[in-house]
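K.L.:
Here you go, one structure.
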Amino acid sequence: MDCIYLTGICCYGYTGYLPEEQVLGQWFEVDIKLWLDLSQAAETDAIADTLDYRSVISTIQNLVKTSRFALLEKLAGTIADTILQQSDRVTQVQVVVTKPAAPIPDFGGKISIELTRTGKR
């Protein structure tokens, strides 16, 4: 199966366990891998035969911006489920949501959640 990768989608949002995270917000980074058949698009060179990346990026940015979840797991799952619901072309999706500056004392790393969902066919 063919794949489209969209990486480094930076969005400001309000998901976090601490109350202040849901008020002040923070930056998130989303990477997504979409499995779909690209054979027709590779042949026709027509955007109608593929997935419009712009709509996927816009959907992700909107979900991160408007969601107020406690857990990254919930945000990642919501992104995956929404993409699968919006596109009948996508058969599987992998989402990585990264919190580059988690408010954890004495921790300067990143936290990422990765999940994979398969569409119902």
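Convention: chains lettered A, B, ... in structure tokens order; per-chain residue numbering from 1; ligands numbered from 1 as shown.
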Extract, using only C-alpha atoms, all DNA, RNA and protein residues at most 10 Å from A:Thr116, discarding same-chain residues fewer than 2 positions from it, and format them as a list in words.

P.N.:
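Here the qualifying residues turn out to be Ile32, Lys33, Leu34, Ala76, Gly77, Ala80, Asp81, Gln92, Val93, Gln94, Val95, Val96, Glu114 and Thr118 of chain A.
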
K.L.:
Could you take the residues named above and write them with C-alpha atoms, as a PDB file, in the first residue's frame?

P.N.:
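Full text of part.pdb as output:
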```pdb
ATOM      1  CA  ILE A  32       0.955  11.761  10.161  1.00  0.00           C
ATOM      2  CA  LYS A  33       1.315   8.810   7.804  1.00  0.00           C
ATOM      3  CA  LEU A  34      -1.642   7.969   5.591  1.00  0.00           C
ATOM      4  CA  ALA A  76      -3.867  11.637  18.833  1.00  0.00           C
ATOM      5  CA  GLY A  77      -6.854   9.280  18.757  1.00  0.00           C
ATOM      6  CA  ALA A  80      -6.711   9.590  13.639  1.00  0.00           C
ATOM      7  CA  ASP A  81     -10.439   8.924  13.904  1.00  0.00           C
ATOM      8  CA  GLN A  92      -4.915   3.338   7.746  1.00  0.00           C
ATOM      9  CA  VAL A  93      -3.419   6.284   9.597  1.00  0.00           C
ATOM     10  CA  GLN A  94      -0.479   6.664  11.950  1.00  0.00           C
ATOM     11  CA  VAL A  95      -0.368   9.788  14.115  1.00  0.00           C
ATOM     12  CA  VAL A  96       2.512  11.063  16.225  1.00  0.00           C
ATOM     13  CA  GLU A 114       2.213   7.411  18.447  1.00  0.00           C
ATOM     14  CA  THR A 118      -7.265   1.231  10.572  1.00  0.00           C
TER      15      THR A 118
END
```

K.L.:
Within 8 Å of A:Arg68, counting only C-alpha atoms, which residues qualify if same-chain residues fewer than 3 places away don't, as a ChimeraX atom specification?

P.N.:
/A:13-16,22

K.L.:
Within 12 Å of A:Leu18, counting only C-alpha atoms, which residues qualify if same-chain residues fewer than 4 places away don't, as a ChimeraX atom specification?

P.N.:
/A:14,22-26,68-71,102-104

K.L.:
Considering only C-alpha atoms, can you say which of A:Ser112, A:Thr91, A:Thr98, A:Ser55 comes closest to A:Glu29?

P.N.:
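Looking at the shortest contact to A:Glu29, the residue is A:Thr98.
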
K.L.:
As a ChimeraX atom specification, which residues of chain A does DSSP assign to strand (DSSP E or B)?

P.N.:
/A:2-13,26-36,92-99,111-118

K.L.:
Just the number, please: distance in Å from atom CA of A:Asp31 to atom CA of A:Asp45, one decimal.

P.N.:
24.8 Å

K.L.:
Skip stretch 46-51 of chain A itself and residues of its chain fewer than 6 positions away, then list as a PyMOL selection string all residues within 12 Å of it, counting only C-alpha atoms.

P.N.:
chain A and resi 2-6+34-40+57+83-84+86-91

K.L.:
Mind listing the helix (DSSP H, G or I) residues of stretch 10-111 of chain A, per DSSP on the backbone, as a PyMOL selection string?

P.N.:
chain A and resi 19-24+39-44+47-49+53-66+72-86

K.L.:
May I have the residues from that selection written out with C-alpha atoms, as a PDB file, in the first residue's frame?

P.N.:
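What ended up in result38.pdb:
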```
ATOM      1  CA  PRO A  19      -5.202  23.080  34.383  1.00  0.00           C
ATOM      2  CA  GLU A  20      -2.868  25.861  33.243  1.00  0.00           C
ATOM      3  CA  GLU A  21      -2.051  23.891  30.074  1.00  0.00           C
ATOM      4  CA  GLN A  22      -5.706  24.054  29.106  1.00  0.00           C
ATOM      5  CA  VAL A  23      -5.801  27.787  29.767  1.00  0.00           C
ATOM      6  CA  LEU A  24      -2.412  29.053  28.578  1.00  0.00           C
ATOM      7  CA  SER A  39      -1.671   4.330  -8.302  1.00  0.00           C
ATOM      8  CA  GLN A  40      -4.337   6.328 -10.139  1.00  0.00           C
ATOM      9  CA  ALA A  41      -2.864   9.679  -9.068  1.00  0.00           C
ATOM     10  CA  ALA A  42       0.592   8.502 -10.149  1.00  0.00           C
ATOM     11  CA  GLU A  43      -0.858   7.764 -13.567  1.00  0.00           C
ATOM     12  CA  THR A  44      -3.176  10.747 -14.106  1.00  0.00           C
ATOM     13  CA  ILE A  47      -5.287  16.065  -7.576  1.00  0.00           C
ATOM     14  CA  ALA A  48      -8.786  14.603  -7.712  1.00  0.00           C
ATOM     15  CA  ASP A  49      -7.170  11.151  -7.709  1.00  0.00           C
ATOM     16  CA  TYR A  53      -2.868  17.462   1.835  1.00  0.00           C
ATOM     17  CA  ARG A  54      -4.116  20.949   2.602  1.00  0.00           C
ATOM     18  CA  SER A  55      -7.396  19.655   3.990  1.00  0.00           C
ATOM     19  CA  VAL A  56      -5.613  17.120   6.204  1.00  0.00           C
ATOM     20  CA  ILE A  57      -3.264  19.791   7.568  1.00  0.00           C
ATOM     21  CA  SER A  58      -6.173  22.160   8.175  1.00  0.00           C
ATOM     22  CA  THR A  59      -8.142  19.447   9.987  1.00  0.00           C
ATOM     23  CA  ILE A  60      -5.185  18.666  12.247  1.00  0.00           C
ATOM     24  CA  GLN A  61      -4.525  22.342  13.016  1.00  0.00           C
ATOM     25  CA  ASN A  62      -8.193  22.912  13.840  1.00  0.00           C
ATOM     26  CA  LEU A  63      -8.387  19.860  16.116  1.00  0.00           C
ATOM     27  CA  VAL A  64      -5.252  20.826  18.046  1.00  0.00           C
ATOM     28  CA  LYS A  65      -6.419  24.435  18.347  1.00  0.00           C
ATOM     29  CA  THR A  66      -9.964  23.695  19.529  1.00  0.00           C
ATOM     30  CA  LEU A  72      -2.077  13.470  24.341  1.00  0.00           C
ATOM     31  CA  GLU A  73      -3.450   9.976  23.752  1.00  0.00           C
ATOM     32  CA  LYS A  74      -6.964  11.415  23.381  1.00  0.00           C
ATOM     33  CA  LEU A  75      -5.770  14.134  21.002  1.00  0.00           C
ATOM     34  CA  ALA A  76      -3.867  11.637  18.833  1.00  0.00           C
ATOM     35  CA  GLY A  77      -6.854   9.280  18.757  1.00  0.00           C
ATOM     36  CA  THR A  78      -9.220  12.093  17.822  1.00  0.00           C
ATOM     37  CA  ILE A  79      -6.944  13.169  14.957  1.00  0.00           C
ATOM     38  CA  ALA A  80      -6.711   9.590  13.639  1.00  0.00           C
ATOM     39  CA  ASP A  81     -10.439   8.924  13.904  1.00  0.00           C
ATOM     40  CA  THR A  82     -11.342  12.236  12.249  1.00  0.00           C
ATOM     41  CA  ILE A  83      -9.008  11.658   9.288  1.00  0.00           C
ATOM     42  CA  LEU A  84     -10.424   8.168   8.753  1.00  0.00           C
ATOM     43  CA  GLN A  85     -13.995   9.517   8.920  1.00  0.00           C
ATOM     44  CA  GLN A  86     -13.300  12.356   6.500  1.00  0.00           C
TER      45      GLN A  86
END
```
